[in-house]
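Below is input.csv, which holds CSV, N, CA and C atoms.
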chain,number,residue,atom,x,y,z
Z,85,MET,N,48.1,19.2,-23.6
Z,85,MET,CA,47.1,18.2,-23.1
Z,85,MET,C,45.8,18.9,-22.9
Z,86,LYS,N,44.7,18.4,-23.5
Z,86,LYS,CA,43.4,19.0,-23.3
Z,86,LYS,C,42.8,18.6,-22.0
Z,87,GLN,N,42.3,19.5,-21.2
Z,87,GLN,CA,41.7,19.3,-20.0
Z,87,GLN,C,40.2,19.5,-20.1
Z,88,ASP,N,39.4,18.6,-19.5
Z,88,ASP,CA,37.9,18.8,-19.5
Z,88,ASP,C,37.5,18.9,-18.0
Z,89,ILE,N,36.3,19.4,-17.8
Z,89,ILE,CA,35.7,19.4,-16.5
Z,89,ILE,C,35.2,18.0,-16.2
Z,90,ILE,N,35.7,17.4,-15.1
Z,90,ILE,CA,35.3,16.1,-14.7
Z,90,ILE,C,34.4,16.2,-13.5
Z,91,LYS,N,33.3,15.6,-13.6
Z,91,LYS,CA,32.3,15.6,-12.5
Z,91,LYS,C,32.0,14.2,-12.1
Z,92,LEU,N,32.4,13.8,-10.9
Z,92,LEU,CA,32.2,12.4,-10.4
Z,92,LEU,C,31.2,12.4,-9.3
Z,93,ASN,N,30.3,11.5,-9.4
Z,93,ASN,CA,29.3,11.3,-8.3
Z,93,ASN,C,29.9,10.4,-7.2
Z,94,VAL,N,30.0,11.0,-6.0
Z,94,VAL,CA,30.5,10.2,-4.9
Z,94,VAL,C,29.5,10.0,-3.8
Z,95,SER,N,28.2,10.0,-4.2
Z,95,SER,CA,27.1,9.8,-3.3
Z,95,SER,C,27.0,8.3,-2.9
Z,96,ASN,N,27.0,8.1,-1.6
Z,96,ASN,CA,26.7,6.7,-1.2
Z,96,ASN,C,25.3,6.6,-0.6
Z,97,ASN,N,24.5,7.6,-0.7
Z,97,ASN,CA,23.1,7.5,-0.2
Z,97,ASN,C,22.3,8.3,-1.2
Z,98,SER,N,21.1,8.7,-0.8
Z,98,SER,CA,20.2,9.4,-1.7
Z,98,SER,C,20.5,10.9,-1.8
Z,99,ILE,N,21.4,11.4,-1.0
Z,99,ILE,CA,21.7,12.8,-1.2
Z,99,ILE,C,22.9,12.9,-2.1
Z,100,SER,N,22.7,13.7,-3.2
Z,100,SER,CA,23.8,13.8,-4.2
Z,100,SER,C,25.0,14.6,-3.7
Z,101,GLU,N,26.1,14.1,-4.1
Z,101,GLU,CA,27.4,14.7,-3.8
Z,101,GLU,C,28.4,14.5,-4.9
Z,102,TYR,N,29.0,15.5,-5.4
Z,102,TYR,CA,29.9,15.4,-6.5
Z,102,TYR,C,31.3,16.0,-6.2
Z,103,LYS,N,32.3,15.5,-6.9
Z,103,LYS,CA,33.6,16.1,-6.9
Z,103,LYS,C,33.8,16.6,-8.3
Z,104,VAL,N,34.3,17.8,-8.5
Z,104,VAL,CA,34.4,18.4,-9.8
Z,104,VAL,C,35.9,19.0,-9.9
Z,105,PHE,N,36.6,18.7,-11.0
Z,105,PHE,CA,37.9,19.2,-11.2
Z,105,PHE,C,38.2,19.2,-12.7
Z,106,GLU,N,39.3,19.9,-13.0
Z,106,GLU,CA,39.8,19.9,-14.4
Z,106,GLU,C,40.8,18.8,-14.6
Z,107,GLY,N,40.6,18.0,-15.6
Z,107,GLY,CA,41.5,16.9,-15.8
Z,107,GLY,C,41.2,16.1,-17.1
Z,108,MET,N,41.9,15.0,-17.2
Z,108,MET,CA,41.7,14.1,-18.4
Z,108,MET,C,41.7,12.6,-17.9
Z,109,LYS,N,40.8,11.9,-18.5
Z,109,LYS,CA,40.7,10.4,-18.2
Z,109,LYS,C,41.9,9.7,-18.8
Z,110,LEU,N,42.6,8.9,-18.0
Z,110,LEU,CA,43.7,8.1,-18.5
Z,110,LEU,C,43.3,6.6,-18.7
Z,111,TYR,N,42.4,6.2,-17.9
Z,111,TYR,CA,42.1,4.7,-17.8
Z,111,TYR,C,40.6,4.6,-17.4
Z,112,SER,N,39.9,3.6,-18.0
Z,112,SER,CA,38.6,3.3,-17.6
Z,112,SER,C,38.3,1.9,-18.0
Z,113,GLU,N,37.7,1.1,-17.1
Z,113,GLU,CA,37.4,-0.3,-17.3
Z,113,GLU,C,36.2,-0.7,-16.4
Z,114,MET,N,35.3,-1.5,-17.0
Z,114,MET,CA,34.2,-2.0,-16.2
Z,114,MET,C,34.3,-3.5,-16.0
Z,115,PHE,N,34.0,-3.9,-14.8
Z,115,PHE,CA,34.1,-5.3,-14.4
Z,115,PHE,C,32.8,-5.8,-13.9
Z,116,LYS,N,32.4,-7.0,-14.2
Z,116,LYS,CA,31.2,-7.6,-13.7
Z,116,LYS,C,31.6,-8.6,-12.6
Z,117,SER,N,30.9,-8.6,-11.5
Z,117,SER,CA,31.2,-9.5,-10.4
Z,117,SER,C,31.1,-10.9,-10.9
Z,118,GLU,N,31.7,-11.9,-10.2
Z,118,GLU,CA,31.6,-13.3,-10.6
Z,118,GLU,C,30.2,-13.8,-10.7
Z,119,ASP,N,29.3,-13.4,-9.8
Z,119,ASP,CA,27.9,-13.8,-9.9
Z,119,ASP,C,27.1,-13.0,-10.8
Z,120,GLY,N,27.7,-11.9,-11.4
Z,120,GLY,CA,26.9,-11.1,-12.3
Z,120,GLY,C,26.0,-10.1,-11.7
Z,121,LYS,N,25.9,-10.0,-10.4
Z,121,LYS,CA,24.9,-9.1,-9.7
Z,121,LYS,C,25.4,-7.7,-9.6
Z,122,LYS,N,26.7,-7.4,-9.7
Z,122,LYS,CA,27.2,-6.1,-9.5
Z,122,LYS,C,28.2,-5.7,-10.6
Z,123,LEU,N,28.3,-4.4,-10.9
Z,123,LEU,CA,29.2,-3.9,-11.9
Z,123,LEU,C,30.2,-2.9,-11.2
Z,124,THR,N,31.5,-3.0,-11.5
Z,124,THR,CA,32.4,-2.1,-10.9
Z,124,THR,C,33.1,-1.3,-12.0
Z,125,ASN,N,33.1,0.0,-11.9
Z,125,ASN,CA,33.8,0.9,-12.9
Z,125,ASN,C,35.0,1.5,-12.2
Z,126,LYS,N,36.2,1.3,-12.9
Z,126,LYS,CA,37.4,1.8,-12.3
Z,126,LYS,C,37.9,2.9,-13.3
Z,127,ARG,N,38.3,4.1,-12.8
Z,127,ARG,CA,38.8,5.1,-13.7
Z,127,ARG,C,40.0,5.8,-13.0
Z,128,VAL,N,40.9,6.3,-13.9
Z,128,VAL,CA,42.1,7.1,-13.4
Z,128,VAL,C,42.1,8.3,-14.2
Z,129,PHE,N,42.3,9.5,-13.6
Z,129,PHE,CA,42.4,10.8,-14.2
Z,129,PHE,C,43.7,11.4,-13.8
Z,130,VAL,N,44.2,12.3,-14.7
Z,130,VAL,CA,45.3,13.2,-14.3
Z,130,VAL,C,44.6,14.6,-14.3
Z,131,THR,N,45.0,15.4,-13.2
Z,131,THR,CA,44.4,16.7,-13.0
Z,131,THR,C,45.2,17.8,-13.7
Z,132,LYS,N,44.7,19.0,-13.7
Z,132,LYS,CA,45.4,20.1,-14.3
Z,132,LYS,C,46.7,20.4,-13.5
Z,133,LYS,N,46.7,20.1,-12.2
Z,133,LYS,CA,47.9,20.3,-11.4
Z,133,LYS,C,48.8,19.1,-11.4
Z,134,GLN,N,48.6,18.1,-12.3
Z,134,GLN,CA,49.4,16.9,-12.4
Z,134,GLN,C,49.3,16.0,-11.2
Z,135,ASN,N,48.1,15.9,-10.6
Z,135,ASN,CA,47.8,14.9,-9.6
Z,135,ASN,C,47.0,13.9,-10.2
Z,136,TYR,N,46.9,12.7,-9.6
Z,136,TYR,CA,46.1,11.6,-10.2
Z,136,TYR,C,44.9,11.4,-9.3
Z,137,VAL,N,43.8,11.0,-9.9
Z,137,VAL,CA,42.6,10.7,-9.2
Z,137,VAL,C,42.2,9.3,-9.5
Z,138,TYR,N,41.9,8.5,-8.5
Z,138,TYR,CA,41.4,7.1,-8.7
Z,138,TYR,C,39.9,7.2,-8.3
Z,139,TYR,N,39.0,6.7,-9.1
Z,139,TYR,CA,37.6,6.7,-8.9
Z,139,TYR,C,37.1,5.3,-9.2
Z,140,GLU,N,36.4,4.7,-8.2
Z,140,GLU,CA,35.9,3.3,-8.4
Z,140,GLU,C,34.4,3.4,-7.8
Z,141,ARG,N,33.5,2.8,-8.6
Z,141,ARG,CA,32.1,2.8,-8.2
Z,141,ARG,C,31.6,1.4,-8.5
Z,142,THR,N,31.0,0.8,-7.5
Z,142,THR,CA,30.3,-0.5,-7.6
Z,142,THR,C,28.9,-0.3,-7.4
Z,143,ASP,N,28.1,-0.8,-8.4
Z,143,ASP,CA,26.6,-0.6,-8.3
Z,143,ASP,C,25.9,-1.9,-8.7
Z,144,VAL,N,24.7,-2.0,-8.4
Z,144,VAL,CA,23.8,-3.1,-8.8
Z,144,VAL,C,23.8,-3.2,-10.3
Z,145,ASN,N,24.0,-4.4,-10.8
Z,145,ASN,CA,23.9,-4.7,-12.3
Z,145,ASN,C,22.4,-4.9,-12.6
Z,146,TRP,N,21.7,-3.8,-12.9
Z,146,TRP,CA,20.3,-3.9,-13.2
Z,146,TRP,C,19.9,-4.8,-14.3
Z,147,ASN,N,20.8,-5.0,-15.3
Z,147,ASN,CA,20.5,-6.0,-16.4
Z,147,ASN,C,20.4,-7.4,-15.8
Z,148,TYR,N,21.2,-7.7,-14.8
Z,148,TYR,CA,21.1,-9.1,-14.2
Z,148,TYR,C,19.7,-9.2,-13.5
Z,149,TRP,N,19.4,-8.2,-12.7
Z,149,TRP,CA,18.2,-8.4,-11.9
Z,149,TRP,C,16.9,-8.2,-12.7
Z,150,SER,N,17.0,-7.6,-13.9
Z,150,SER,CA,15.7,-7.4,-14.7
Z,150,SER,C,15.5,-8.5,-15.7
Z,151,ASP,N,16.5,-9.4,-15.8
Z,151,ASP,CA,16.3,-10.5,-16.8
Z,151,ASP,C,15.4,-11.6,-16.2
Z,152,LYS,N,14.2,-11.7,-16.8
Z,152,LYS,CA,13.2,-12.6,-16.3
Z,152,LYS,C,13.6,-14.1,-16.4
Z,153,ARG,N,14.5,-14.4,-17.3
Z,153,ARG,CA,15.0,-15.8,-17.4
Z,153,ARG,C,15.9,-16.1,-16.2
Z,154,LYS,N,16.4,-15.2,-15.5
Z,154,LYS,CA,17.3,-15.4,-14.4
Z,154,LYS,C,16.7,-15.0,-13.1
Z,155,TYR,N,15.4,-15.2,-13.0
Z,155,TYR,CA,14.7,-14.8,-11.8
Z,155,TYR,C,15.4,-15.3,-10.5
Z,156,ASP,N,15.6,-14.4,-9.6
Z,156,ASP,CA,16.3,-14.6,-8.4
Z,156,ASP,C,15.6,-13.8,-7.3
Z,157,ASN,N,14.9,-14.4,-6.4
Z,157,ASN,CA,14.2,-13.7,-5.3
Z,157,ASN,C,15.1,-13.3,-4.2
Z,158,SER,N,16.4,-13.4,-4.3
Z,158,SER,CA,17.3,-13.1,-3.2
Z,158,SER,C,17.8,-11.6,-3.2
Z,159,PHE,N,17.2,-10.8,-4.1
Z,159,PHE,CA,17.6,-9.4,-4.2
Z,159,PHE,C,17.3,-8.7,-2.9
Z,160,ASP,N,18.4,-8.1,-2.4
Z,160,ASP,CA,18.3,-7.4,-1.1
Z,160,ASP,C,18.3,-5.9,-1.4
Z,161,ILE,N,17.3,-5.2,-1.0
Z,161,ILE,CA,17.2,-3.7,-1.3
Z,161,ILE,C,18.4,-2.9,-0.8
Z,162,SER,N,19.1,-3.4,0.2
Z,162,SER,CA,20.3,-2.7,0.7
Z,162,SER,C,21.5,-2.8,-0.3
Z,163,GLU,N,21.4,-3.7,-1.3
Z,163,GLU,CA,22.4,-3.8,-2.4
Z,163,GLU,C,22.3,-2.6,-3.3
Z,164,ILE,N,21.3,-1.8,-3.3
Z,164,ILE,CA,21.2,-0.7,-4.2
Z,164,ILE,C,22.2,0.4,-3.9
Z,165,LYS,N,22.7,0.5,-2.6
Z,165,LYS,CA,23.7,1.5,-2.2
Z,165,LYS,C,25.0,1.2,-3.0
Z,166,SER,N,25.5,2.3,-3.5
Z,166,SER,CA,26.8,2.2,-4.3
Z,166,SER,C,28.0,2.2,-3.3
Z,167,ASP,N,29.0,1.5,-3.8
Z,167,ASP,CA,30.3,1.5,-3.0
Z,167,ASP,C,31.3,2.3,-3.8
Z,168,ILE,N,31.8,3.4,-3.3
Z,168,ILE,CA,32.6,4.4,-4.1
Z,168,ILE,C,33.9,4.6,-3.4
Z,169,LYS,N,35.0,4.6,-4.2
Z,169,LYS,CA,36.3,5.0,-3.7
Z,169,LYS,C,36.7,6.2,-4.6
Z,170,PHE,N,37.2,7.3,-3.9
Z,170,PHE,CA,37.7,8.5,-4.5
Z,170,PHE,C,39.0,8.8,-3.8
Z,171,GLU,N,40.2,8.8,-4.5
Z,171,GLU,CA,41.4,9.1,-3.9
Z,171,GLU,C,42.2,10.0,-4.9
Z,172,VAL,N,43.0,10.9,-4.3
Z,172,VAL,CA,43.9,11.8,-5.0
Z,172,VAL,C,45.3,11.6,-4.5
Z,173,SER,N,46.3,11.5,-5.5
Z,173,SER,CA,47.6,11.3,-5.1
Z,173,SER,C,48.6,12.0,-6.2
Z,174,SER,N,49.7,12.3,-5.7
Z,174,SER,CA,50.7,12.9,-6.7
Z,174,SER,C,51.5,11.8,-7.4
Z,175,LYS,N,51.3,10.5,-6.9
Z,175,LYS,CA,52.0,9.4,-7.6
Z,175,LYS,C,51.0,8.3,-8.1
Z,176,LEU,N,51.1,8.0,-9.3
Z,176,LEU,CA,50.2,7.0,-9.9
Z,176,LEU,C,50.4,5.6,-9.3
Z,177,GLU,N,51.6,5.3,-8.8
Z,177,GLU,CA,51.9,4.1,-8.1
Z,177,GLU,C,51.0,3.8,-6.9
Z,178,ASP,N,50.5,4.9,-6.3
Z,178,ASP,CA,49.7,4.7,-5.1
Z,178,ASP,C,48.4,3.9,-5.4
Z,179,PHE,N,48.0,3.8,-6.7
Z,179,PHE,CA,46.8,3.1,-7.1
Z,179,PHE,C,47.1,1.7,-7.5
Z,180,THR,N,48.3,1.2,-7.3
Z,180,THR,CA,48.6,-0.2,-7.6
Z,180,THR,C,47.7,-1.2,-6.8
Z,181,LYS,N,47.4,-0.8,-5.6
Z,181,LYS,CA,46.5,-1.7,-4.8
Z,181,LYS,C,45.2,-1.9,-5.4
Z,182,TYR,N,44.7,-1.0,-6.3
Z,182,TYR,CA,43.4,-1.2,-7.0
Z,182,TYR,C,43.6,-1.8,-8.4
Z,183,LEU,N,44.7,-1.4,-9.1
Z,183,LEU,CA,44.8,-1.8,-10.5
Z,183,LEU,C,45.9,-2.8,-10.8
Z,184,GLY,N,46.8,-3.0,-9.9
Z,184,GLY,CA,47.9,-3.9,-10.2
Z,184,GLY,C,49.1,-3.2,-10.9
Z,185,ASP,N,50.2,-3.8,-10.8
Z,185,ASP,CA,51.5,-3.2,-11.4
Z,185,ASP,C,51.4,-3.1,-12.9
Z,186,GLU,N,50.8,-4.1,-13.6
Z,186,GLU,CA,50.8,-4.1,-15.1
Z,186,GLU,C,50.0,-2.9,-15.7
Z,187,ILE,N,48.9,-2.6,-15.2
Z,187,ILE,CA,48.1,-1.5,-15.7
Z,187,ILE,C,48.7,-0.2,-15.3
Z,188,ILE,N,49.3,0.0,-14.2
Z,188,ILE,CA,50.0,1.2,-13.8
Z,188,ILE,C,51.1,1.4,-14.7
Z,189,LYS,N,51.9,0.4,-15.0
Z,189,LYS,CA,53.1,0.5,-16.0
Z,189,LYS,C,52.6,0.9,-17.3
Z,190,LYS,N,51.5,0.4,-17.8
Z,190,LYS,CA,51.0,0.7,-19.1
Z,190,LYS,C,50.5,2.2,-19.2
Z,191,ILE,N,49.8,2.6,-18.1
Z,191,ILE,CA,49.4,4.0,-18.1
Z,191,ILE,C,50.6,5.0,-18.1
Z,192,LYS,N,51.6,4.7,-17.3
Z,192,LYS,CA,52.8,5.5,-17.2
Z,192,LYS,C,53.5,5.6,-18.6
Z,193,LEU,N,53.6,4.4,-19.2
Z,193,LEU,CA,54.3,4.4,-20.5
Z,193,LEU,C,53.6,5.2,-21.6
Z,194,LYS,N,52.2,5.0,-21.6
Z,194,LYS,CA,51.4,5.8,-22.6
Z,194,LYS,C,51.6,7.3,-22.3
Z,195,GLU,N,51.6,7.7,-21.0
Z,195,GLU,CA,51.7,9.1,-20.6
Z,195,GLU,C,53.1,9.6,-21.0
Z,196,LYS,N,54.1,8.8,-20.7
Z,196,LYS,CA,55.5,9.3,-21.0
Z,196,LYS,C,55.7,9.5,-22.5
Z,197,ASN,N,55.2,8.6,-23.3
Z,197,ASN,CA,55.3,8.6,-24.7
Z,197,ASN,C,54.3,9.6,-25.4
Z,198,GLU,N,53.5,10.3,-24.5
Z,198,GLU,CA,52.5,11.2,-25.0
Z,198,GLU,C,51.5,10.5,-26.0
Z,199,GLU,N,51.1,9.3,-25.7
Z,199,GLU,CA,50.2,8.5,-26.5
Z,199,GLU,C,48.8,8.6,-26.0
Z,200,ILE,N,48.5,9.4,-25.0
Z,200,ILE,CA,47.2,9.4,-24.4
Z,200,ILE,C,46.2,10.1,-25.4
Z,201,ILE,N,46.7,11.2,-26.0
Z,201,ILE,CA,45.9,11.9,-27.0
Z,201,ILE,C,46.6,11.9,-28.3
Z,202,GLU,N,45.9,11.5,-29.4
Z,202,GLU,CA,46.5,11.5,-30.7
Z,202,GLU,C,45.6,12.5,-31.5
Z,203,VAL,N,46.2,13.6,-31.9
Z,203,VAL,CA,45.4,14.6,-32.7
Z,203,VAL,C,45.5,14.2,-34.2
Z,204,LEU,N,44.3,14.0,-34.7
Z,204,LEU,CA,44.2,13.6,-36.1
Z,204,LEU,C,43.8,14.7,-37.0
Z,205,ASP,N,44.4,14.9,-38.1
Z,205,ASP,CA,44.0,16.0,-39.0
Z,205,ASP,C,43.2,15.2,-40.1
Z,206,ILE,N,41.9,14.9,-39.8
Z,206,ILE,CA,41.2,14.1,-40.8
Z,206,ILE,C,39.9,14.8,-41.1
Please, can you express the file's structure as structure tokens?
Amino acid sequence: MKQDIIKLNVSNNSISEYKVFEGMKLYSEMFKSEDGKKLTNKRVFVTKKQNYVYYERTDVNWNYWSDKRKYDNSFDISEIKSDIKFEVSSKLEDFTKYLGDEIIKKIKLKEKNEEIIEVLDI
């Protein structure tokens, strides 16, 4: 399994703070809030030491706020602050509360069948 250096921004204010580790991304998906004003990115990594990392970041959806056709003067400057979750666990199931059973089962199955990385000789 090929490991990369993973660098995650965990800053919740203007002072930069990062978590860095060796690992591989297993899952990544981006979700738009119902009103379209925020974006949430959820990721799961497996580390070199076979621990799992859950990373979730919710930020302002700048595409929504910069669209002149959707002018909305309710923008609150405090919404710029990111909401970040960073958790490490030895069990993937600990992240069910964030991802649900179905996604956890799919990740485990892909990992068990070694389908995460497909090496192509092309």
Helix (DSSP H, G or I) per DSSP on the backbone: members of chain Z, as JSON, numbers by chain: {"Z": [146, 147, 148, 149, 152, 153, 154, 161, 162, 163, 164, 176, 177, 178, 179, 180, 181, 182, 183, 185, 186, 187, 188, 189, 190, 191, 192, 193, 194, 195, 196]}
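The spacing separating CA of Phe129 (chain Z) from CA of Asp167 (chain Z) amounts to 18.9 Å.
Nearest residue to Gly107 (chain Z), choosing from Z:Lys132, Z:Arg141, Z:Lys91, Z:Lys121 and counting all atoms listed in the file: Z:Lys132.
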Close residues, region 178-189 of chain Z itself excluded, 7 Å, only N, CA and C atoms, min 5 positions apart in chain, as a PyMOL selection string: chain Z and resi 138+173+194
Polymer residues at most 5 Å from (41.9, 4.4, -15.8) by only N, CA and C atoms, as a count of residues only: 6
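Atom pair CA of Ser100 (chain Z) / atom C of Gly120 (chain Z): separated by 25.1 Å.
For the atom pair formed by CA of Asn125 (chain Z) and CA of Lys86 (chain Z), the distance is 23.0 Å, given to one decimal.
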For region 133-152 of chain Z, what centre and edge lengths in Å (one decimal) does the axis-aligned box get once 8 Å is added on each side of all its listed atoms, as lines of an AutoDock Vina configuration file?
center_x = 31.3
center_y = 3.1
center_z = -12.1
size_x = 52.2
size_y = 50.4
size_z = 25.4
Picked from chain Z by DSSP as strand (DSSP E), as an MDAnalysis selection string: chainID Z and resid 88:93 102:116 122:131 136:144 167:173
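Using only C-alpha atoms for every distance, the candidate list Z:Ile191, Z:Ile90, Z:Asn197, Z:Glu140 yields Z:Ile90 as the residue closest to Val104 (chain Z).
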Would you mind exporting region 88-120 of chain Z with C-alpha atoms, as a PDB file, in the first residue's frame?
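decode.pdb was written with the following content:
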ATOM      1  CA  ASP Z  88       1.733   9.653   1.083  1.00  0.00           C
ATOM      2  CA  ILE Z  89       2.382  12.567   3.405  1.00  0.00           C
ATOM      3  CA  ILE Z  90      -1.054  13.891   4.370  1.00  0.00           C
ATOM      4  CA  LYS Z  91      -1.271  17.500   5.555  1.00  0.00           C
ATOM      5  CA  LEU Z  92      -4.638  18.619   6.939  1.00  0.00           C
ATOM      6  CA  ASN Z  93      -5.514  22.176   7.891  1.00  0.00           C
ATOM      7  CA  VAL Z  94      -7.201  22.124  11.302  1.00  0.00           C
ATOM      8  CA  SER Z  95      -7.212  25.917  11.804  1.00  0.00           C
ATOM      9  CA  ASN Z  96     -10.425  27.300  13.199  1.00  0.00           C
ATOM     10  CA  ASN Z  97      -9.134  30.848  13.236  1.00  0.00           C
ATOM     11  CA  SER Z  98      -6.587  32.980  11.407  1.00  0.00           C
ATOM     12  CA  ILE Z  99      -3.571  31.204  12.928  1.00  0.00           C
ATOM     13  CA  SER Z 100      -2.582  28.242  10.746  1.00  0.00           C
ATOM     14  CA  GLU Z 101      -2.405  24.827  12.361  1.00  0.00           C
ATOM     15  CA  TYR Z 102      -1.802  21.541  10.533  1.00  0.00           C
ATOM     16  CA  LYS Z 103      -1.802  17.822  11.282  1.00  0.00           C
ATOM     17  CA  VAL Z 104       0.740  15.867   9.211  1.00  0.00           C
ATOM     18  CA  PHE Z 105       1.019  12.072   8.976  1.00  0.00           C
ATOM     19  CA  GLU Z 106       1.818   9.278   6.557  1.00  0.00           C
ATOM     20  CA  GLY Z 107      -1.262   7.620   5.142  1.00  0.00           C
ATOM     21  CA  MET Z 108      -3.634   7.050   2.277  1.00  0.00           C
ATOM     22  CA  LYS Z 109      -7.064   8.502   1.540  1.00  0.00           C
ATOM     23  CA  LEU Z 110      -9.850   5.895   1.586  1.00  0.00           C
ATOM     24  CA  TYR Z 111     -12.903   8.131   1.215  1.00  0.00           C
ATOM     25  CA  SER Z 112     -13.695  11.687   0.224  1.00  0.00           C
ATOM     26  CA  GLU Z 113     -16.981  13.398  -0.507  1.00  0.00           C
ATOM     27  CA  MET Z 114     -18.209  16.994  -0.604  1.00  0.00           C
ATOM     28  CA  PHE Z 115     -21.712  18.020   0.470  1.00  0.00           C
ATOM     29  CA  LYS Z 116     -23.532  21.318  -0.032  1.00  0.00           C
ATOM     30  CA  SER Z 117     -25.810  22.511   2.777  1.00  0.00           C
ATOM     31  CA  GLU Z 118     -29.544  22.578   2.018  1.00  0.00           C
ATOM     32  CA  ASP Z 119     -29.508  26.349   1.598  1.00  0.00           C
ATOM     33  CA  GLY Z 120     -26.314  26.193  -0.512  1.00  0.00           C
TER      34      GLY Z 120
END
